[in-house]
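A.B. asks: Structure file model.cif (mmCIF, C-alpha atoms) is given on the next line.
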data_model
loop_
_atom_site.group_PDB
_atom_site.id
_atom_site.type_symbol
_atom_site.label_atom_id
_atom_site.label_comp_id
_atom_site.auth_asym_id
_atom_site.auth_seq_id
_atom_site.Cartn_x
_atom_site.Cartn_y
_atom_site.Cartn_z
ATOM 1 C CA MET A 1 90.011 102.901 115.958
ATOM 2 C CA ALA A 2 87.040 100.597 115.419
ATOM 3 C CA ASP A 3 87.570 100.932 111.677
ATOM 4 C CA LEU A 4 91.171 99.760 112.124
ATOM 5 C CA ALA A 5 90.072 96.798 114.236
ATOM 6 C CA HIS A 6 87.536 95.833 111.583
ATOM 7 C CA ALA A 7 90.159 96.269 108.838
ATOM 8 C CA ALA A 8 92.555 93.990 110.738
ATOM 9 C CA LEU A 9 89.911 91.262 110.842
ATOM 10 C CA ILE A 10 89.293 91.589 107.110
ATOM 11 C CA ASP A 11 93.026 91.588 106.317
ATOM 12 C CA GLU A 12 93.424 88.426 108.392
ATOM 13 C CA LEU A 13 90.551 86.818 106.494
ATOM 14 C CA GLU A 14 92.010 87.774 103.109
ATOM 15 C CA THR A 15 95.506 86.518 103.915
ATOM 16 C CA TRP A 16 96.325 83.569 101.657
ATOM 17 C CA PRO A 17 97.732 80.930 101.758
ATOM 18 C CA LYS A 18 97.009 80.556 105.473
ATOM 19 C CA PRO A 19 97.097 76.842 106.336
ATOM 20 C CA GLY A 20 93.864 75.331 107.567
ATOM 21 C CA LEU A 21 91.987 78.604 107.869
ATOM 22 C CA VAL A 22 89.115 80.330 106.112
ATOM 23 C CA SER A 23 89.958 82.727 103.285
ATOM 24 C CA PRO A 24 88.174 83.970 100.157
ATOM 25 C CA VAL A 25 89.771 81.008 98.355
ATOM 26 C CA ASP A 26 88.205 78.253 100.474
ATOM 27 C CA SER A 27 86.992 77.355 103.958
ATOM 28 C CA GLY A 28 90.140 75.515 104.984
ATOM 29 C CA SER A 29 89.477 72.916 107.667
ATOM 30 C CA HIS A 30 86.089 74.435 108.537
ATOM 31 C CA HIS A 31 82.732 73.105 107.409
ATOM 32 C CA ASP A 32 80.613 75.560 109.374
ATOM 33 C CA MET A 33 81.900 78.883 108.023
ATOM 34 C CA ASP A 34 83.239 80.627 104.963
ATOM 35 C CA ALA A 35 84.527 84.082 104.061
ATOM 36 C CA GLY A 36 81.010 85.493 104.095
ATOM 37 C CA THR A 37 80.498 84.233 107.639
ATOM 38 C CA LEU A 38 83.605 86.033 108.835
ATOM 39 C CA ARG A 39 82.665 89.240 107.032
ATOM 40 C CA ARG A 40 79.243 89.255 108.698
ATOM 41 C CA SER A 41 80.833 88.591 112.057
ATOM 42 C CA ALA A 42 83.397 91.386 111.651
ATOM 43 C CA ALA A 43 80.671 93.859 110.721
ATOM 44 C CA ALA A 44 78.494 92.805 113.658
ATOM 45 C CA ILE A 45 81.190 93.280 116.287
ATOM 46 C CA ARG A 46 82.599 96.554 114.968
ATOM 47 C CA PRO A 47 80.298 98.784 117.089
ATOM 48 C CA PHE A 48 81.499 97.071 120.245
ATOM 49 C CA PHE A 49 85.069 98.163 119.581
ATOM 50 C CA VAL A 50 83.710 101.728 119.731
ATOM 51 C CA ALA A 51 82.074 100.899 123.059
ATOM 52 C CA LEU A 52 85.288 99.418 124.418
ATOM 53 C CA VAL A 53 87.342 102.483 123.530
ATOM 54 C CA SER A 54 84.754 104.626 125.321
ATOM 55 C CA ALA A 55 84.726 102.291 128.317
ATOM 56 C CA GLY A 56 88.498 102.510 128.604
ATOM 57 C CA ARG A 57 88.353 106.295 128.433
ATOM 58 C CA GLU A 58 85.816 106.275 131.279
ATOM 59 C CA GLY A 59 87.992 104.048 133.482
ATOM 60 C CA ALA A 60 85.806 100.948 133.311
ATOM 61 C CA GLY A 61 86.904 97.875 135.203
ATOM 62 C CA MET A 62 87.296 94.367 133.844
ATOM 63 C CA ALA A 63 83.725 93.406 134.731
ATOM 64 C CA ASP A 64 82.390 96.204 132.558
ATOM 65 C CA LEU A 65 84.736 95.343 129.693
ATOM 66 C CA ARG A 66 83.714 91.703 129.922
ATOM 67 C CA ALA A 67 80.039 92.675 129.735
ATOM 68 C CA ILE A 68 80.670 94.571 126.496
ATOM 69 C CA GLY A 69 82.618 91.592 125.149
ATOM 70 C CA LEU A 70 79.716 89.271 125.913
ATOM 71 C CA ARG A 71 77.337 91.557 124.032
ATOM 72 C CA ALA A 72 79.764 91.499 121.112
ATOM 73 C CA GLU A 73 79.767 87.687 121.200
ATOM 74 C CA ALA A 74 75.964 87.641 121.164
ATOM 75 C CA ALA A 75 75.940 89.936 118.122
ATOM 76 C CA MET A 76 78.529 87.714 116.426
ATOM 77 C CA LEU A 77 76.490 84.564 117.032
ATOM 78 C CA GLU A 78 73.334 86.208 115.746
ATOM 79 C CA ALA A 79 75.115 87.357 112.576
ATOM 80 C CA THR A 80 76.670 83.948 111.918
ATOM 81 C CA GLY A 81 73.811 81.652 112.860
ATOM 82 C CA GLY A 82 75.564 80.457 115.984
ATOM 83 C CA VAL A 83 79.104 80.077 114.624
ATOM 84 C CA ASN A 84 82.020 81.240 116.789
ATOM 85 C CA ALA A 85 83.878 83.241 114.169
ATOM 86 C CA HIS A 86 85.723 85.850 116.259
ATOM 87 C CA ARG A 87 85.487 85.143 120.004
ATOM 88 C CA GLY A 88 89.256 85.267 120.427
ATOM 89 C CA ALA A 89 89.541 88.423 118.349
ATOM 90 C CA ILE A 90 86.826 90.144 120.387
ATOM 91 C CA PHE A 91 88.884 89.427 123.491
ATOM 92 C CA SER A 92 92.286 90.532 122.192
ATOM 93 C CA LEU A 93 91.319 93.441 119.944
ATOM 94 C CA GLY A 94 88.740 94.568 122.481
ATOM 95 C CA LEU A 95 91.305 94.839 125.267
ATOM 96 C CA ILE A 96 93.617 96.840 123.035
ATOM 97 C CA CYS A 97 90.738 99.182 122.172
ATOM 98 C CA ALA A 98 89.996 99.679 125.860
ATOM 99 C CA GLY A 99 93.671 100.294 126.596
ATOM 100 C CA ALA A 100 93.838 102.880 123.849
ATOM 101 C CA GLY A 101 90.813 104.565 125.405
ATOM 102 C CA VAL A 102 92.659 104.790 128.706
ATOM 103 C CA SER A 103 95.702 106.420 127.089
ATOM 104 C CA GLY A 104 93.595 108.839 125.047
ATOM 105 C CA ASN A 105 95.392 110.703 122.275
ATOM 106 C CA ILE A 106 98.888 110.113 123.638
ATOM 107 C CA PRO A 107 101.026 108.648 120.810
ATOM 108 C CA ALA A 108 102.374 105.168 121.524
ATOM 109 C CA SER A 109 104.189 102.428 119.670
ATOM 110 C CA ALA A 110 102.549 99.133 118.809
ATOM 111 C CA GLU A 111 104.643 97.422 121.470
ATOM 112 C CA ALA A 112 103.637 99.976 124.124
ATOM 113 C CA ARG A 113 99.945 99.510 123.365
ATOM 114 C CA ALA A 114 100.341 95.748 123.724
ATOM 115 C CA GLU A 115 102.179 96.088 127.025
ATOM 116 C CA ALA A 116 99.504 98.459 128.325
ATOM 117 C CA VAL A 117 96.919 95.667 128.370
ATOM 118 C CA GLY A 118 99.035 93.639 130.756
ATOM 119 C CA ARG A 119 99.808 96.646 132.927
ATOM 120 C CA LEU A 120 96.175 97.726 133.189
ATOM 121 C CA TRP A 121 94.357 94.417 133.484
ATOM 122 C CA GLY A 122 96.945 91.634 133.652
ATOM 123 C CA GLY A 123 96.044 90.638 137.197
ATOM 124 C CA ALA A 124 92.324 90.572 136.513
ATOM 125 C CA ILE A 125 92.795 88.541 133.334
ATOM 126 C CA ALA A 126 95.151 86.050 134.977
ATOM 127 C CA GLY A 127 92.835 85.671 137.961
ATOM 128 C CA ALA A 128 89.780 84.824 135.898
ATOM 129 C CA PRO A 129 88.929 81.106 135.529
ATOM 130 C CA THR A 130 89.695 79.471 132.201
ATOM 131 C CA SER A 131 86.585 79.188 130.074
ATOM 132 C CA ALA A 132 84.856 75.835 130.295
ATOM 133 C CA ASP A 133 82.638 76.679 127.334
ATOM 134 C CA SER A 134 85.256 77.038 124.611
ATOM 135 C CA HIS A 135 87.386 74.466 122.835
ATOM 136 C CA GLY A 136 90.445 76.635 123.477
ATOM 137 C CA GLY A 137 89.760 76.903 127.192
ATOM 138 C CA ARG A 138 89.353 73.152 127.570
ATOM 139 C CA ALA A 139 92.512 72.493 125.544
ATOM 140 C CA ALA A 140 94.471 74.994 127.639
ATOM 141 C CA ARG A 141 93.514 73.152 130.832
ATOM 142 C CA ARG A 142 94.124 69.706 129.386
ATOM 143 C CA TYR A 143 97.566 70.464 127.974
ATOM 144 C CA GLY A 144 98.721 72.976 130.566
ATOM 145 C CA VAL A 145 99.259 75.912 128.193
ATOM 146 C CA GLY A 146 98.373 79.535 128.775
ATOM 147 C CA GLY A 147 96.213 80.265 125.766
ATOM 148 C CA ALA A 148 94.794 83.639 124.815
ATOM 149 C CA SER A 149 94.237 84.770 128.405
ATOM 150 C CA ALA A 150 97.856 84.286 129.416
ATOM 151 C CA GLU A 151 99.029 86.076 126.274
ATOM 152 C CA ALA A 152 96.854 89.110 127.003
ATOM 153 C CA ALA A 153 97.660 89.139 130.721
ATOM 154 C CA ALA A 154 101.370 89.398 129.902
ATOM 155 C CA GLY A 155 100.868 92.230 127.407
ATOM 156 C CA PHE A 156 100.987 90.069 124.266
ATOM 157 C CA PRO A 157 104.659 89.051 124.456
ATOM 158 C CA THR A 158 104.407 86.756 121.433
ATOM 159 C CA ILE A 159 103.189 89.620 119.275
ATOM 160 C CA ARG A 160 105.898 91.941 120.562
ATOM 161 C CA ALA A 161 108.720 89.417 120.172
ATOM 162 C CA VAL A 162 107.574 87.518 117.078
ATOM 163 C CA GLY A 163 104.489 88.893 115.312
ATOM 164 C CA LEU A 164 105.491 92.511 114.801
ATOM 165 C CA PRO A 165 109.124 91.757 113.838
ATOM 166 C CA ALA A 166 107.956 89.104 111.354
ATOM 167 C CA LEU A 167 105.440 91.492 109.806
ATOM 168 C CA ARG A 168 108.179 94.073 109.346
ATOM 169 C CA LEU A 169 110.552 91.470 107.923
ATOM 170 C CA GLY A 170 107.877 90.375 105.462
ATOM 171 C CA ARG A 171 107.537 93.961 104.273
ATOM 172 C CA ALA A 172 111.285 94.126 103.766
ATOM 173 C CA HIS A 173 111.126 90.916 101.716
ATOM 174 C CA ALA A 174 108.362 92.266 99.475
ATOM 175 C CA PRO A 175 107.687 95.998 99.946
ATOM 176 C CA ASP A 176 104.927 95.990 97.330
ATOM 177 C CA ASP A 177 103.125 92.855 98.528
ATOM 178 C CA PRO A 178 101.172 93.293 101.801
ATOM 179 C CA GLN A 179 99.907 89.742 101.422
ATOM 180 C CA ALA A 180 103.437 88.381 101.680
ATOM 181 C CA ALA A 181 104.105 90.343 104.868
ATOM 182 C CA ARG A 182 100.982 88.941 106.496
ATOM 183 C CA VAL A 183 101.868 85.381 105.476
ATOM 184 C CA GLN A 184 105.387 85.802 106.895
ATOM 185 C CA CYS A 185 103.868 87.011 110.158
ATOM 186 C CA PHE A 186 101.371 84.163 110.270
ATOM 187 C CA PHE A 187 103.985 81.442 109.785
ATOM 188 C CA ALA A 188 106.278 83.009 112.381
ATOM 189 C CA LEU A 189 103.435 82.884 114.917
ATOM 190 C CA LEU A 190 102.485 79.347 113.895
ATOM 191 C CA ALA A 191 106.049 78.125 114.436
ATOM 192 C CA ILE A 192 106.116 79.011 118.133
ATOM 193 C CA LEU A 193 102.580 79.415 119.483
ATOM 194 C CA ASP A 194 100.958 76.699 121.594
ATOM 195 C CA ASP A 195 97.765 77.201 119.634
ATOM 196 C CA THR A 196 94.876 75.803 121.672
ATOM 197 C CA ASN A 197 92.711 75.286 118.594
ATOM 198 C CA LEU A 198 95.400 73.060 117.105
ATOM 199 C CA LEU A 199 95.599 71.194 120.415
ATOM 200 C CA HIS A 200 91.824 70.778 120.413
ATOM 201 C CA ARG A 201 91.736 69.395 116.883
ATOM 202 C CA GLY A 202 94.991 67.466 116.680
ATOM 203 C CA GLY A 203 96.346 67.040 120.192
ATOM 204 C CA ALA A 204 100.024 67.471 120.981
ATOM 205 C CA GLU A 205 100.948 65.569 117.810
ATOM 206 C CA GLY A 206 98.899 67.909 115.630
ATOM 207 C CA LEU A 207 100.446 70.975 117.249
ATOM 208 C CA ALA A 208 103.960 69.599 116.774
ATOM 209 C CA ARG A 209 103.228 68.769 113.132
ATOM 210 C CA ALA A 210 101.921 72.268 112.463
ATOM 211 C CA GLN A 211 104.832 73.969 114.186
ATOM 212 C CA ALA A 212 107.324 71.829 112.277
ATOM 213 C CA ALA A 213 105.711 72.728 108.956
ATOM 214 C CA ALA A 214 105.901 76.422 109.808
ATOM 215 C CA THR A 215 109.511 76.115 110.941
ATOM 216 C CA ASP A 216 110.431 74.403 107.677
ATOM 217 C CA PHE A 217 108.656 77.136 105.687
ATOM 218 C CA LEU A 218 110.592 79.850 107.492
ATOM 219 C CA GLY A 219 113.840 77.912 107.284
ATOM 220 C CA ALA A 220 113.530 77.783 103.502
ATOM 221 C CA GLY A 221 113.396 81.571 103.412
ATOM 222 C CA GLY A 222 109.763 82.276 104.200
ATOM 223 C CA THR A 223 108.239 84.754 101.790
ATOM 224 C CA ALA A 224 111.683 85.733 100.535
ATOM 225 C CA ASP A 225 111.769 82.450 98.615
ATOM 226 C CA PRO A 226 110.370 82.799 95.072
ATOM 227 C CA ASP A 227 108.266 79.639 95.509
ATOM 228 C CA TRP A 228 106.766 80.616 98.850
ATOM 229 C CA ARG A 229 103.167 80.590 97.640
ATOM 230 C CA ASP A 230 103.396 77.051 96.257
ATOM 231 C CA ARG A 231 104.983 75.815 99.476
ATOM 232 C CA ALA A 232 102.360 77.539 101.597
ATOM 233 C CA VAL A 233 99.548 76.037 99.501
ATOM 234 C CA ARG A 234 100.988 72.545 100.004
ATOM 235 C CA ILE A 235 101.052 73.095 103.753
ATOM 236 C CA HIS A 236 97.480 74.389 103.621
ATOM 237 C CA ARG A 237 96.301 71.250 101.840
ATOM 238 C CA SER A 238 98.039 69.021 104.368
ATOM 239 C CA PHE A 239 96.353 70.899 107.224
ATOM 240 C CA VAL A 240 92.941 70.538 105.580
ATOM 241 C CA ALA A 241 93.504 66.814 105.101
ATOM 242 C CA ALA A 242 94.310 66.484 108.815
ATOM 243 C CA ARG A 243 91.535 68.943 109.848
ATOM 244 C CA LEU A 244 94.079 71.192 111.562
ATOM 245 C CA SER A 245 93.076 74.810 112.110
ATOM 246 C CA PRO A 246 95.400 77.269 113.888
ATOM 247 C CA GLY A 247 92.671 79.638 115.008
ATOM 248 C CA GLY A 248 94.794 81.076 117.804
ATOM 249 C CA CYS A 249 97.405 82.133 115.251
ATOM 250 C CA ALA A 250 94.675 83.761 113.157
ATOM 251 C CA ASP A 251 93.582 85.814 116.177
ATOM 252 C CA LEU A 252 97.174 86.855 116.901
ATOM 253 C CA LEU A 253 97.709 87.800 113.252
ATOM 254 C CA ALA A 254 94.664 90.085 113.377
ATOM 255 C CA THR A 255 95.862 91.521 116.687
ATOM 256 C CA THR A 256 99.330 92.112 115.262
ATOM 257 C CA LEU A 257 97.865 93.914 112.253
ATOM 258 C CA PHE A 258 95.696 96.064 114.503
ATOM 259 C CA LEU A 259 98.586 97.025 116.775
ATOM 260 C CA ASP A 260 100.769 97.770 113.763
ATOM 261 C CA ALA A 261 98.139 100.160 112.389
ATOM 262 C CA LEU A 262 97.486 102.088 115.590
ATOM 263 C CA PRO A 263 100.620 104.294 115.648
ATOM 264 C CA ARG A 264 99.641 105.612 112.204
ATOM 265 C CA LEU A 265 96.276 106.647 113.667
ATOM 266 C CA ALA A 266 98.049 108.978 116.115
#
What's the structure tokens form of this structure?
C.D. replies:
Amino acid sequence: MADLAHAALIDELETWPKPGLVSPVDSGSHHDMDAGTLRRSAAAIRPFFVALVSAGREGAGMADLRAIGLRAEAAMLEATGGVNAHRGAIFSLGLICAGAGVSGNIPASAEARAEAVGRLWGGAIAGAPTSADSHGGRAARRYGVGGASAEAAAGFPTIRAVGLPALRLGRAHAPDDPQAARVQCFFALLAILDDTNLLHRGGAEGLARAQAAATDFLGAGGTADPDWRDRAVRIHRSFVAARLSPGGCADLLATTLFLDALPRLA
């Protein structure tokens, strides 16, 4: 399971074009990290996904899960020289790992594993104060949006309603091109998510601009259009010029990929 979580992080990294975000092609709107940074971070946090599965199996409460998550963040920061590369992914993927530990070897769909997080820990997640230390937490309070915590507390409804269907649609568009499926999923998430990293960097105007670009991309056929890569690259360049970075969408893409892979593990 930890291998699948790590693979989801690497697949998210390697997805291209992915407007404003780090990939092996470039660093997007980021000056403090590159693909190597994210690879080191993913490797550093992998052991903590093992710990979270074990903690879930042992019936650990939210305080114990949070303690493991904080150790994962410390390992991430040490590996990256202080750069927050995967805090959101530690939170989302970590909760899914813990939920899978609770359920044991019982087969479950991707949607069921997402819902399980809300059922098991939704109240505890919703009751926790919004982080004052993160850009996303401050943006969530300022703009009155739920952010990553609300998404997890509700059992990842955006992934269930948008991310997973878009990933499957992308595969139908291009059965032999996993990259295309991931891009389709990413743009579908970008079109509807109140991404707190976009709000932090660009305010409400930046979020609206990003969502409109994604909506236009999907409206023109998404990855079913023969020119989808060129259109996605143009959007990427416009995001970089405006310093927009949809980090919340990147986390949800990785979480979607992880959930999608889990039923095959069973």
A.B. asks: Identify which of the residues A:Gly163, A:Gly202, A:Gly127, A:Gly170 lies closest to Ala150 in chain A, counting only C-alpha atoms when measuring atom-to-atom distances.
C.D. replies: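 For Ala150 in chain A, the nearest of the given residues is A:Gly127.
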A.B. asks: Nearest to Trp16 in chain A: which of A:Leu193, A:Ile159, A:Leu265, A:Val183 is it, counting only C-alpha atoms?
C.D. replies: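 Nearest to Trp16 in chain A: A:Val183.
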A.B. asks: Any idea what's packed within 7 Å of Pro263 in chain A, counting all atoms listed in the file, ignoring anything in its chain fewer than 4 positions away? Could you give it as a tab-separated table (two decimals) with C-alpha atoms, in the frame of the given file?
C.D. replies:
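Result file is out-v8.tsv:
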chain	number	residue	atom	x	y	z
A	107	PRO	CA	101.03	108.65	120.81
A	108	ALA	CA	102.37	105.17	121.52
A	109	SER	CA	104.19	102.43	119.67
A	110	ALA	CA	102.55	99.13	118.81
A.B. asks: With the file shown as input, list the residues that the PyMOL selection byres ((chain A and resi 86) around 12) selects, as number ranges by chain.
C.D. replies: A: 5-6, 8-10, 12-13, 33, 37-46, 69-70, 72-77, 79-80, 82-85, 87-94, 247-248, 250-252, 254-255
A.B. asks: Write the selection just made, keeping C-alpha atoms, as a PDB file, keeping the file's coordinate frame?
C.D. replies:
ATOM      1  CA  ALA A   5      90.072  96.798 114.236  1.00  0.00           C
ATOM      2  CA  HIS A   6      87.536  95.833 111.583  1.00  0.00           C
ATOM      3  CA  ALA A   8      92.555  93.990 110.738  1.00  0.00           C
ATOM      4  CA  LEU A   9      89.911  91.262 110.842  1.00  0.00           C
ATOM      5  CA  ILE A  10      89.293  91.589 107.110  1.00  0.00           C
ATOM      6  CA  GLU A  12      93.424  88.426 108.392  1.00  0.00           C
ATOM      7  CA  LEU A  13      90.551  86.818 106.494  1.00  0.00           C
ATOM      8  CA  MET A  33      81.900  78.883 108.023  1.00  0.00           C
ATOM      9  CA  THR A  37      80.498  84.233 107.639  1.00  0.00           C
ATOM     10  CA  LEU A  38      83.605  86.033 108.835  1.00  0.00           C
ATOM     11  CA  ARG A  39      82.665  89.240 107.032  1.00  0.00           C
ATOM     12  CA  ARG A  40      79.243  89.255 108.698  1.00  0.00           C
ATOM     13  CA  SER A  41      80.833  88.591 112.057  1.00  0.00           C
ATOM     14  CA  ALA A  42      83.397  91.386 111.651  1.00  0.00           C
ATOM     15  CA  ALA A  43      80.671  93.859 110.721  1.00  0.00           C
ATOM     16  CA  ALA A  44      78.494  92.805 113.658  1.00  0.00           C
ATOM     17  CA  ILE A  45      81.190  93.280 116.287  1.00  0.00           C
ATOM     18  CA  ARG A  46      82.599  96.554 114.968  1.00  0.00           C
ATOM     19  CA  GLY A  69      82.618  91.592 125.149  1.00  0.00           C
ATOM     20  CA  LEU A  70      79.716  89.271 125.913  1.00  0.00           C
ATOM     21  CA  ALA A  72      79.764  91.499 121.112  1.00  0.00           C
ATOM     22  CA  GLU A  73      79.767  87.687 121.200  1.00  0.00           C
ATOM     23  CA  ALA A  74      75.964  87.641 121.164  1.00  0.00           C
ATOM     24  CA  ALA A  75      75.940  89.936 118.122  1.00  0.00           C
ATOM     25  CA  MET A  76      78.529  87.714 116.426  1.00  0.00           C
ATOM     26  CA  LEU A  77      76.490  84.564 117.032  1.00  0.00           C
ATOM     27  CA  ALA A  79      75.115  87.357 112.576  1.00  0.00           C
ATOM     28  CA  THR A  80      76.670  83.948 111.918  1.00  0.00           C
ATOM     29  CA  GLY A  82      75.564  80.457 115.984  1.00  0.00           C
ATOM     30  CA  VAL A  83      79.104  80.077 114.624  1.00  0.00           C
ATOM     31  CA  ASN A  84      82.020  81.240 116.789  1.00  0.00           C
ATOM     32  CA  ALA A  85      83.878  83.241 114.169  1.00  0.00           C
ATOM     33  CA  ARG A  87      85.487  85.143 120.004  1.00  0.00           C
ATOM     34  CA  GLY A  88      89.256  85.267 120.427  1.00  0.00           C
ATOM     35  CA  ALA A  89      89.541  88.423 118.349  1.00  0.00           C
ATOM     36  CA  ILE A  90      86.826  90.144 120.387  1.00  0.00           C
ATOM     37  CA  PHE A  91      88.884  89.427 123.491  1.00  0.00           C
ATOM     38  CA  SER A  92      92.286  90.532 122.192  1.00  0.00           C
ATOM     39  CA  LEU A  93      91.319  93.441 119.944  1.00  0.00           C
ATOM     40  CA  GLY A  94      88.740  94.568 122.481  1.00  0.00           C
ATOM     41  CA  GLY A 247      92.671  79.638 115.008  1.00  0.00           C
ATOM     42  CA  GLY A 248      94.794  81.076 117.804  1.00  0.00           C
ATOM     43  CA  ALA A 250      94.675  83.761 113.157  1.00  0.00           C
ATOM     44  CA  ASP A 251      93.582  85.814 116.177  1.00  0.00           C
ATOM     45  CA  LEU A 252      97.174  86.855 116.901  1.00  0.00           C
ATOM     46  CA  ALA A 254      94.664  90.085 113.377  1.00  0.00           C
ATOM     47  CA  THR A 255      95.862  91.521 116.687  1.00  0.00           C
TER      48      THR A 255
END
A.B. asks: Let me make sure I understand: among A:Gly104, A:Thr223, A:Phe217, A:Trp121, which one has the smallest atom-to-atom distance to Arg66 in chain A if we use only C-alpha atoms?
C.D. replies: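 That would be A:Trp121, the residue with the smallest distance to Arg66 in chain A.
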A.B. asks: For Ser245 in chain A, which residue out of A:Asp3, A:Asp195, A:Asp32, A:Asp26 is the nearest one, using only C-alpha atoms?
C.D. replies: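 Nearest to Ser245 in chain A: A:Asp195.
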A.B. asks: I need the output of the PyMOL selection byres ((chain A and resi 111) around 10) for this file as a PyMOL selection string; which residues are they?
C.D. replies: chain A and resi 108-110+112-116+155-157+159-161+164+256+259-260+263
